[in-house]
$ cat run33.cif   # mmCIF, C-alpha atoms (C1' of nucleotides)
data_input
#
loop_
_atom_site.label_atom_id
_atom_site.label_comp_id
_atom_site.auth_asym_id
_atom_site.auth_seq_id
_atom_site.Cartn_x
_atom_site.Cartn_y
_atom_site.Cartn_z
CA MET A 7 -25.25 -1.34 -38.34
CA GLY A 8 -25.07 2.19 -37.03
CA LYS A 9 -26.28 2.44 -33.48
CA GLN A 10 -28.71 5.23 -34.30
CA MET A 11 -30.30 3.18 -37.06
CA THR A 12 -30.58 0.14 -34.82
CA GLU A 13 -32.49 2.12 -32.24
CA MET A 14 -34.63 3.88 -34.80
CA LEU A 15 -35.66 0.58 -36.38
CA LYS A 16 -37.23 -0.49 -33.12
CA GLY A 17 -40.91 -0.21 -33.77
CA THR A 18 -40.52 0.79 -37.39
CA LEU A 19 -39.05 -2.40 -38.83
CA GLU A 20 -42.21 -4.22 -37.87
CA GLY A 21 -44.30 -1.65 -39.75
CA ILE A 22 -42.00 -1.86 -42.76
CA VAL A 23 -42.42 -5.63 -42.95
CA LEU A 24 -46.17 -5.50 -42.43
CA ALA A 25 -46.44 -2.84 -45.14
CA PHE A 26 -44.45 -5.03 -47.51
CA LEU A 27 -46.79 -7.91 -46.75
CA THR A 28 -49.86 -5.91 -47.77
CA GLY A 29 -51.36 -7.73 -50.72
CA ASN A 30 -48.03 -9.45 -51.15
CA PRO A 31 -47.53 -12.70 -49.20
CA ALA A 32 -43.86 -13.49 -48.69
CA TYR A 33 -41.47 -15.75 -46.80
CA GLY A 34 -38.60 -14.86 -44.50
CA TYR A 35 -35.67 -15.19 -46.83
CA GLU A 36 -37.53 -13.20 -49.47
CA ILE A 37 -38.28 -10.42 -47.00
CA THR A 38 -34.64 -10.26 -45.90
CA THR A 39 -33.51 -10.02 -49.52
CA TRP A 40 -36.04 -7.30 -50.24
CA LEU A 41 -34.98 -5.28 -47.18
CA ARG A 42 -31.38 -5.41 -48.34
CA SER A 43 -32.42 -4.25 -51.79
CA GLN A 44 -34.18 -1.31 -50.16
CA GLY A 45 -30.97 -0.11 -48.58
CA PHE A 46 -31.27 -1.88 -45.23
CA THR A 47 -28.12 -3.73 -46.13
CA GLU A 48 -27.12 -4.64 -42.63
CA ILE A 49 -30.29 -6.07 -41.21
CA ALA A 50 -29.46 -9.46 -39.73
CA GLU A 51 -31.31 -12.51 -40.93
CA GLY A 52 -32.00 -13.51 -37.35
CA THR A 53 -33.75 -10.20 -36.77
CA VAL A 54 -36.24 -10.81 -39.55
CA TYR A 55 -37.09 -14.36 -38.50
CA ALA A 56 -37.54 -13.28 -34.89
CA LEU A 57 -39.85 -10.51 -36.04
CA LEU A 58 -41.89 -12.99 -38.10
CA VAL A 59 -42.26 -15.32 -35.13
CA ARG A 60 -43.47 -12.38 -33.07
CA ILE A 61 -46.08 -11.08 -35.51
CA GLU A 62 -47.34 -14.62 -36.01
CA LYS A 63 -47.66 -15.09 -32.27
CA ASN A 64 -49.51 -11.77 -32.07
CA GLY A 65 -51.96 -12.98 -34.69
CA LEU A 66 -51.18 -10.33 -37.31
CA VAL A 67 -50.37 -12.76 -40.09
CA ASP A 68 -51.50 -16.10 -41.46
CA VAL A 69 -48.88 -18.70 -42.29
CA GLU A 70 -48.74 -21.35 -44.95
CA LYS A 71 -45.96 -23.86 -45.47
CA ARG A 72 -44.90 -24.44 -49.05
CA PRO A 73 -42.17 -26.65 -50.52
CA SER A 74 -39.27 -24.88 -52.16
CA GLU A 75 -37.41 -25.90 -55.32
CA LYS A 76 -34.13 -25.15 -53.66
CA GLY A 77 -33.77 -25.65 -49.96
CA PRO A 78 -36.01 -26.27 -46.97
CA PRO A 79 -39.76 -25.55 -47.12
CA ARG A 80 -40.81 -21.91 -46.97
CA LYS A 81 -43.13 -20.33 -44.47
CA VAL A 82 -45.25 -17.89 -46.43
CA TYR A 83 -46.72 -15.05 -44.36
CA SER A 84 -49.77 -13.03 -45.39
CA LEU A 85 -51.34 -10.08 -43.61
CA ASN A 86 -54.72 -10.88 -42.08
CA GLU A 87 -57.45 -8.56 -40.89
CA ALA A 88 -55.91 -7.97 -37.46
CA GLY A 89 -52.61 -7.25 -39.15
CA GLN A 90 -54.21 -4.73 -41.48
CA LYS A 91 -55.78 -2.96 -38.53
CA TYR A 92 -52.49 -2.96 -36.67
CA LEU A 93 -50.77 -1.56 -39.74
CA ASP A 94 -53.33 1.24 -39.95
CA GLU A 95 -52.49 2.17 -36.36
CA PHE A 96 -48.82 2.01 -37.23
CA TRP A 97 -49.29 4.57 -40.01
CA THR A 98 -51.20 6.85 -37.67
CA THR A 99 -48.42 6.70 -35.09
CA TRP A 100 -45.76 7.11 -37.72
CA GLY A 101 -47.62 10.03 -39.27
CA PHE A 102 -47.73 11.88 -35.99
CA LEU A 103 -44.06 11.30 -35.26
CA ALA A 104 -42.93 12.18 -38.78
CA GLU A 105 -44.91 15.40 -38.68
CA ARG A 106 -43.35 16.45 -35.38
CA LEU A 107 -39.86 15.65 -36.60
CA GLU A 108 -40.22 17.41 -39.93
CA SER A 109 -41.37 20.55 -38.22
CA LEU A 110 -38.40 20.28 -35.86
CA ARG A 111 -35.98 19.77 -38.72
CA GLU A 112 -37.17 22.95 -40.39
CA GLY A 113 -36.57 24.80 -37.13
CA ASN A 114 -40.12 24.72 -35.72
CA MET B 99 -48.58 5.34 -23.88
CA GLY B 100 -49.40 3.24 -26.90
CA LYS B 101 -47.00 0.36 -27.33
CA GLN B 102 -46.26 1.29 -30.93
CA MET B 103 -45.36 4.84 -29.95
CA THR B 104 -43.15 3.61 -27.12
CA GLU B 105 -41.15 1.45 -29.50
CA MET B 106 -41.00 4.09 -32.20
CA LEU B 107 -39.66 6.68 -29.76
CA LYS B 108 -36.61 4.52 -29.18
CA GLY B 109 -33.87 6.34 -30.98
CA THR B 110 -36.04 9.26 -32.04
CA LEU B 111 -36.79 10.79 -28.64
CA GLU B 112 -33.10 11.47 -28.21
CA GLY B 113 -33.00 13.27 -31.55
CA ILE B 114 -36.11 15.26 -30.67
CA VAL B 115 -34.56 16.50 -27.45
CA LEU B 116 -31.22 17.29 -29.07
CA ALA B 117 -33.01 19.19 -31.83
CA PHE B 118 -34.93 21.19 -29.24
CA LEU B 119 -31.66 22.01 -27.51
CA THR B 120 -30.18 23.49 -30.69
CA GLY B 121 -29.50 27.11 -29.91
CA ASN B 122 -31.91 26.78 -27.03
CA PRO B 123 -30.44 25.64 -23.68
CA ALA B 124 -33.06 24.11 -21.43
CA TYR B 125 -33.52 22.12 -18.24
CA GLY B 126 -35.29 18.83 -17.65
CA TYR B 127 -38.60 20.01 -16.35
CA GLU B 128 -38.82 22.55 -19.15
CA ILE B 129 -38.11 19.87 -21.77
CA THR B 130 -40.77 17.61 -20.32
CA THR B 131 -43.32 20.42 -20.39
CA TRP B 132 -42.40 21.28 -23.96
CA LEU B 133 -42.70 17.66 -25.09
CA ARG B 134 -46.18 17.49 -23.59
CA SER B 135 -47.14 20.69 -25.39
CA GLN B 136 -46.00 19.10 -28.64
CA GLY B 137 -48.44 16.26 -28.26
CA PHE B 138 -46.19 13.77 -26.50
CA THR B 139 -48.60 13.93 -23.60
CA GLU B 140 -47.68 10.66 -22.04
CA ILE B 141 -43.92 10.83 -21.89
CA ALA B 142 -42.88 10.06 -18.33
CA GLU B 143 -40.73 12.54 -16.45
CA GLY B 144 -38.33 9.77 -15.52
CA THR B 145 -37.77 9.01 -19.19
CA VAL B 146 -36.59 12.54 -19.88
CA TYR B 147 -34.23 12.69 -16.91
CA ALA B 148 -32.74 9.33 -17.77
CA LEU B 149 -32.21 10.52 -21.33
CA LEU B 150 -30.50 13.69 -20.10
CA VAL B 151 -28.19 11.70 -17.85
CA ARG B 152 -27.30 9.55 -20.84
CA ILE B 153 -26.55 12.33 -23.32
CA GLU B 154 -24.49 14.09 -20.67
CA LYS B 155 -22.52 10.91 -20.03
CA ASN B 156 -22.01 10.58 -23.78
CA GLY B 157 -20.60 14.09 -23.93
CA LEU B 158 -23.25 15.53 -26.25
CA VAL B 159 -24.24 18.39 -23.97
CA ASP B 160 -22.74 20.85 -21.53
CA VAL B 161 -24.43 21.34 -18.19
CA GLU B 162 -24.74 24.37 -15.95
CA LYS B 163 -26.48 24.50 -12.58
CA ARG B 164 -28.66 27.53 -11.95
CA PRO B 165 -30.82 28.46 -8.96
CA SER B 166 -34.55 28.53 -9.53
CA GLU B 167 -37.09 31.00 -8.14
CA LYS B 168 -39.44 28.17 -7.38
CA GLY B 169 -38.01 24.83 -6.38
CA PRO B 170 -34.67 23.05 -6.44
CA PRO B 171 -31.81 24.27 -8.66
CA ARG B 172 -32.09 23.62 -12.38
CA LYS B 173 -29.64 21.74 -14.54
CA VAL B 174 -29.47 23.62 -17.81
CA TYR B 175 -28.32 21.57 -20.80
CA SER B 176 -26.85 23.03 -23.97
CA LEU B 177 -25.79 21.25 -27.13
CA ASN B 178 -22.02 21.21 -27.64
CA GLU B 179 -20.03 20.50 -30.77
CA ALA B 180 -20.10 16.72 -30.36
CA GLY B 181 -23.84 16.95 -29.81
CA GLN B 182 -24.31 18.99 -32.97
CA LYS B 183 -22.36 16.42 -34.96
CA TYR B 184 -24.37 13.60 -33.43
CA LEU B 185 -27.57 15.45 -34.29
CA ASP B 186 -26.45 15.84 -37.90
CA GLU B 187 -25.99 12.07 -38.09
CA PHE B 188 -29.39 11.63 -36.52
CA TRP B 189 -31.00 13.70 -39.27
CA THR B 190 -29.21 11.69 -41.93
CA THR B 191 -30.44 8.43 -40.43
CA TRP B 192 -33.92 9.80 -39.94
CA GLY B 193 -34.00 11.15 -43.49
CA PHE B 194 -33.18 7.76 -44.95
CA LEU B 195 -35.78 5.98 -42.85
CA ALA B 196 -38.50 8.57 -43.48
CA GLU B 197 -37.90 8.38 -47.21
CA ARG B 198 -38.21 4.59 -47.23
CA LEU B 199 -41.38 4.70 -45.16
CA GLU B 200 -43.06 7.41 -47.19
CA SER B 201 -42.46 5.50 -50.38
CA LEU B 202 -43.90 2.40 -48.72
CA ARG B 203 -46.94 4.30 -47.50
CA GLU B 204 -47.72 5.45 -51.01
CA GLY B 205 -47.57 1.83 -52.17
CA ASN B 206 -43.95 1.66 -53.38
"C1'" DA C 172 -17.69 -38.72 -52.88
"C1'" DA C 173 -16.37 -34.33 -51.02
"C1'" DC C 174 -16.64 -29.44 -51.52
"C1'" DT C 175 -18.72 -25.12 -51.96
"C1'" DA C 176 -22.46 -21.94 -52.50
"C1'" DC C 177 -26.98 -20.69 -52.13
"C1'" DT C 178 -31.48 -21.23 -50.13
"C1'" DA C 179 -34.25 -21.22 -45.79
"C1'" DC C 180 -35.26 -21.31 -41.02
"C1'" DT C 181 -34.17 -21.33 -35.66
"C1'" DC C 182 -32.53 -19.90 -31.16
"C1'" DA C 183 -29.95 -18.44 -26.82
"C1'" DG C 184 -27.97 -14.47 -24.92
"C1'" DC C 185 -26.88 -9.42 -25.08
"C1'" DG C 186 -27.35 -4.24 -25.24
"C1'" DC C 187 -30.06 -0.36 -25.47
"C1'" DT C 188 -34.06 2.59 -24.68
"C1'" DA C 189 -38.53 3.92 -22.82
"C1'" DC C 190 -41.72 2.92 -18.97
"C1'" DT C 191 -43.24 2.18 -14.07
"C1'" DA C 192 -43.09 3.53 -9.64
"C1'" DT C 193 -41.26 5.81 -6.14
"C1'" DG C 194 -38.55 9.10 -3.58
"C1'" DT C 195 -36.26 13.62 -2.42
"C1'" DA C 196 -36.42 18.60 -1.94
"C1'" DC C 197 -37.65 23.54 -2.32
"C1'" DT C 198 -41.33 27.41 -2.77
"C1'" DG C 199 -45.74 29.59 -2.15
"C1'" DG C 200 -50.71 29.74 -1.13
"C1'" DT C 201 -54.63 28.40 1.99
"C1'" DA D 20 -49.96 22.03 8.86
"C1'" DC D 21 -51.29 20.90 4.26
"C1'" DC D 22 -51.19 20.78 -0.62
"C1'" DA D 23 -49.94 21.97 -5.33
"C1'" DG D 24 -46.41 23.09 -8.32
"C1'" DT D 25 -41.51 23.02 -9.49
"C1'" DA D 26 -37.33 20.19 -10.21
"C1'" DC D 27 -34.43 16.20 -10.21
"C1'" DA D 28 -33.09 11.11 -9.46
"C1'" DT D 29 -33.14 6.03 -9.74
"C1'" DA D 30 -33.98 0.90 -9.30
"C1'" DG D 31 -36.34 -2.47 -11.74
"C1'" DT D 32 -39.02 -4.11 -15.98
"C1'" DA D 33 -40.40 -5.01 -20.88
"C1'" DG D 34 -39.58 -5.05 -25.63
"C1'" DC D 35 -36.94 -5.01 -29.81
"C1'" DG D 36 -33.00 -5.53 -32.82
"C1'" DC D 37 -28.29 -7.62 -32.97
"C1'" DT D 38 -24.64 -11.25 -32.44
"C1'" DG D 39 -23.26 -15.60 -33.32
"C1'" DA D 40 -24.04 -19.97 -33.96
"C1'" DG D 41 -26.48 -24.00 -35.72
"C1'" DT D 42 -29.59 -27.12 -38.80
"C1'" DA D 43 -31.08 -28.63 -43.47
"C1'" DG D 44 -32.05 -29.07 -48.28
"C1'" DT D 45 -30.55 -28.45 -53.35
"C1'" DA D 46 -27.29 -27.96 -57.11
"C1'" DG D 47 -22.96 -27.46 -59.37
"C1'" DT D 48 -17.85 -28.36 -59.33
"C1'" DT D 49 -13.80 -30.91 -58.55
#

$ encode --input "run33.cif" --output "structure tokens"
Amino acid sequence: MGKQMTEMLKGTLEGIVLAFLTGNPAYGYEITTWLRSQGFTEIAEGTVYALLVRIEKNGLVDVEKRPSEKGPPRKVYSLNEAGQKYLDEFWTTWGFLAERLESLREGN
Amino acid sequence: MGKQMTEMLKGTLEGIVLAFLTGNPAYGYEITTWLRSQGFTEIAEGTVYALLVRIEKNGLVDVEKRPSEKGPPRKVYSLNEAGQKYLDEFWTTWGFLAERLESLREGN
DNA sequence: AACTACTACTCAGCGCTACTATGTACTGGT
DNA sequence: ACCAGTACATAGTAGCGCTGAGTAGTAGTT
């Protein structure tokens, strides 16, 4: 992964995953696959699982274990109320930053 | 500073400063003041100086020492060719990420 | 039965960046 | 003398994504 992208994902990857989870419960492997399909081809599996552990620990998601047809049981994550609130704050922060950067890109 | 903003600035603050430096040589204190005026009110002085040390070490800027009317001498940073190229890559990376996030915000 | 591939999750250790907290030093006003 | 403003520096900390490796279950092939 490019170094710039790695650094830029800090803080944003979490928001991306939470946004994906909105009204769309999913499990780790599924999320990784989806990220890759979105162009984040080099995101490491370990990164996603670590992120999921973190947001669970922070109480942003609810978890349910479900058997899988092929492979070990899945841990299905769904956004809860705290997660939704946190995601709202994420969009506010992102909005501010994106606005500043766009105005910079167009030469103030 | 909000935790989300702190994390999101990783990778982007560098780009913000380099963009500011485009055709506009500046010194640390000046950059800090400008950042605050742009709404980044809580960015620590130490953060900016550390960043400047880093981009100098990475050869992205040229430095010139100039006496100040009020206070210690200033270190004036200007973007060099390597810095311009690095900034171009930054905008590419940012563009990709911003596009993904905007499409997520509008519900895919 | 042994193999390969895909599915699915876990974890220790590392590198990088921003923050905290503090210190140094020069100028000018009271 | 004292304080505010200007200007730069740095050691230590926290947090996040990456690396690299491992564990396990299912299914198809040989």

$ calpha_fit_and_write --input "run33.cif" --fixed "chain B" --moving "chain A" --output "tab-separated table (two decimals) with C-alpha atoms, in the frame of the given file"
chain	number	residue	atom	x	y	z
A	7	MET	CA	-48.63	5.34	-23.90
A	8	GLY	CA	-49.44	3.23	-26.92
A	9	LYS	CA	-47.03	0.37	-27.33
A	10	GLN	CA	-46.27	1.27	-30.93
A	11	MET	CA	-45.37	4.82	-29.96
A	12	THR	CA	-43.17	3.63	-27.12
A	13	GLU	CA	-41.17	1.47	-29.47
A	14	MET	CA	-41.02	4.10	-32.17
A	15	LEU	CA	-39.68	6.69	-29.74
A	16	LYS	CA	-36.64	4.54	-29.12
A	17	GLY	CA	-33.90	6.33	-30.94
A	18	THR	CA	-36.07	9.23	-32.01
A	19	LEU	CA	-36.82	10.81	-28.64
A	20	GLU	CA	-33.13	11.48	-28.20
A	21	GLY	CA	-33.02	13.27	-31.55
A	22	ILE	CA	-36.13	15.26	-30.69
A	23	VAL	CA	-34.58	16.50	-27.45
A	24	LEU	CA	-31.24	17.29	-29.06
A	25	ALA	CA	-33.04	19.19	-31.83
A	26	PHE	CA	-34.95	21.18	-29.24
A	27	LEU	CA	-31.68	22.01	-27.51
A	28	THR	CA	-30.19	23.50	-30.68
A	29	GLY	CA	-29.52	27.14	-29.90
A	30	ASN	CA	-31.93	26.80	-27.02
A	31	PRO	CA	-30.44	25.65	-23.69
A	32	ALA	CA	-33.06	24.12	-21.42
A	33	TYR	CA	-33.52	22.13	-18.22
A	34	GLY	CA	-35.30	18.84	-17.65
A	35	TYR	CA	-38.62	20.02	-16.36
A	36	GLU	CA	-38.82	22.57	-19.16
A	37	ILE	CA	-38.12	19.91	-21.77
A	38	THR	CA	-40.79	17.62	-20.33
A	39	THR	CA	-43.32	20.45	-20.40
A	40	TRP	CA	-42.41	21.31	-23.97
A	41	LEU	CA	-42.73	17.68	-25.10
A	42	ARG	CA	-46.20	17.52	-23.61
A	43	SER	CA	-47.15	20.72	-25.40
A	44	GLN	CA	-45.99	19.13	-28.64
A	45	GLY	CA	-48.45	16.30	-28.28
A	46	PHE	CA	-46.21	13.80	-26.49
A	47	THR	CA	-48.61	13.98	-23.60
A	48	GLU	CA	-47.70	10.68	-22.06
A	49	ILE	CA	-43.95	10.84	-21.93
A	50	ALA	CA	-42.88	10.04	-18.38
A	51	GLU	CA	-40.78	12.52	-16.48
A	52	GLY	CA	-38.37	9.75	-15.53
A	53	THR	CA	-37.78	9.02	-19.20
A	54	VAL	CA	-36.62	12.55	-19.92
A	55	TYR	CA	-34.26	12.76	-16.95
A	56	ALA	CA	-32.76	9.38	-17.79
A	57	LEU	CA	-32.23	10.54	-21.36
A	58	LEU	CA	-30.51	13.72	-20.12
A	59	VAL	CA	-28.18	11.73	-17.90
A	60	ARG	CA	-27.30	9.56	-20.88
A	61	ILE	CA	-26.55	12.35	-23.34
A	62	GLU	CA	-24.49	14.11	-20.69
A	63	LYS	CA	-22.51	10.94	-20.06
A	64	ASN	CA	-22.00	10.59	-23.82
A	65	GLY	CA	-20.60	14.10	-23.95
A	66	LEU	CA	-23.25	15.56	-26.27
A	67	VAL	CA	-24.25	18.39	-23.98
A	68	ASP	CA	-22.73	20.84	-21.54
A	69	VAL	CA	-24.40	21.33	-18.18
A	70	GLU	CA	-24.71	24.34	-15.95
A	71	LYS	CA	-26.42	24.46	-12.58
A	72	ARG	CA	-28.60	27.48	-11.94
A	73	PRO	CA	-30.76	28.41	-8.94
A	74	SER	CA	-34.49	28.47	-9.51
A	75	GLU	CA	-37.02	30.94	-8.10
A	76	LYS	CA	-39.36	28.12	-7.29
A	77	GLY	CA	-37.96	24.76	-6.36
A	78	PRO	CA	-34.62	22.98	-6.45
A	79	PRO	CA	-31.76	24.23	-8.65
A	80	ARG	CA	-32.05	23.57	-12.37
A	81	LYS	CA	-29.60	21.72	-14.54
A	82	VAL	CA	-29.45	23.63	-17.79
A	83	TYR	CA	-28.32	21.56	-20.79
A	84	SER	CA	-26.86	23.06	-23.96
A	85	LEU	CA	-25.80	21.26	-27.13
A	86	ASN	CA	-22.04	21.24	-27.65
A	87	GLU	CA	-20.03	20.54	-30.77
A	88	ALA	CA	-20.12	16.75	-30.37
A	89	GLY	CA	-23.85	16.97	-29.82
A	90	GLN	CA	-24.32	19.01	-32.97
A	91	LYS	CA	-22.37	16.45	-34.96
A	92	TYR	CA	-24.38	13.63	-33.44
A	93	LEU	CA	-27.58	15.47	-34.28
A	94	ASP	CA	-26.46	15.86	-37.89
A	95	GLU	CA	-26.00	12.09	-38.07
A	96	PHE	CA	-29.41	11.65	-36.50
A	97	TRP	CA	-31.03	13.71	-39.27
A	98	THR	CA	-29.23	11.69	-41.91
A	99	THR	CA	-30.46	8.43	-40.41
A	100	TRP	CA	-33.93	9.79	-39.92
A	101	GLY	CA	-33.99	11.13	-43.47
A	102	PHE	CA	-33.17	7.74	-44.91
A	103	LEU	CA	-35.77	5.95	-42.81
A	104	ALA	CA	-38.48	8.54	-43.46
A	105	GLU	CA	-37.87	8.34	-47.19
A	106	ARG	CA	-38.18	4.56	-47.21
A	107	LEU	CA	-41.36	4.65	-45.16
A	108	GLU	CA	-43.03	7.36	-47.20
A	109	SER	CA	-42.42	5.44	-50.37
A	110	LEU	CA	-43.86	2.35	-48.70
A	111	ARG	CA	-46.91	4.23	-47.50
A	112	GLU	CA	-47.68	5.37	-51.02
A	113	GLY	CA	-47.47	1.76	-52.17
A	114	ASN	CA	-43.86	1.73	-53.42

$ resolve_selection --input "run33.cif" --expression "the PyMOL selection byres ((chain B) within 9 of (chain C))" --output "list in words"
Met99, Thr104, Glu105, Leu107, Lys108, Gly109, Ile141, Ala142, Gly144, Thr145, Leu149, Glu167, Lys168, Gly169, Pro170 and Pro171 of chain B

$ residues_around --input "run33.cif" --residues "B:Thr131" --least-positions-apart "6" --cutoff "10 Å" --atoms "only C-alpha atoms (C1' of nucleotides)" --output "ChimeraX atom specification"
/B:138-139,141,143

$ write_last_selection --input "run33.cif" --atoms "C-alpha atoms" --output "PDB file, keeping the file's coordinate frame"
ATOM      1  CA  PHE B 138     -46.190  13.770 -26.500  1.00  0.00           C
ATOM      2  CA  THR B 139     -48.600  13.930 -23.600  1.00  0.00           C
ATOM      3  CA  ILE B 141     -43.920  10.830 -21.890  1.00  0.00           C
ATOM      4  CA  GLU B 143     -40.730  12.540 -16.450  1.00  0.00           C
TER       5      GLU B 143
END

$ interface_residues --input "run33.cif" --of "chain A" --to "chain B" --cutoff "9 Å" --atoms "all atoms listed in the file" --output "ChimeraX atom specification"
/A:8-18,21-22,25-26,44-45,95-97,99-100,102-104,106-107,110-111,113

$ resolve_selection --input "run33.cif" --expression "the PyMOL selection byres ((chain D) within 12 of (chain B))" --output "PyMOL selection string"
chain D and resi 24-30+33-36

$ atom_distance --input "run33.cif" --atom1 "atom CA of B:Val159" --atom2 "atom CA of A:Glu105"
25.5 Å

$ resolve_selection --input "run33.cif" --expression "the PyMOL selection byres ((chain B and resi 157) around 12)" --output "PyMOL selection string"
chain B and resi 150-156+158-161+175-184

$ atom_distance --input "run33.cif" --atom1 "atom CA of B:Val146" --atom2 "atom CA of B:Ile129"
7.7 Å

$ atom_distance --input "run33.cif" --atom1 "atom CA of B:Thr130" --atom2 "atom CA of A:Asp94"
28.5 Å
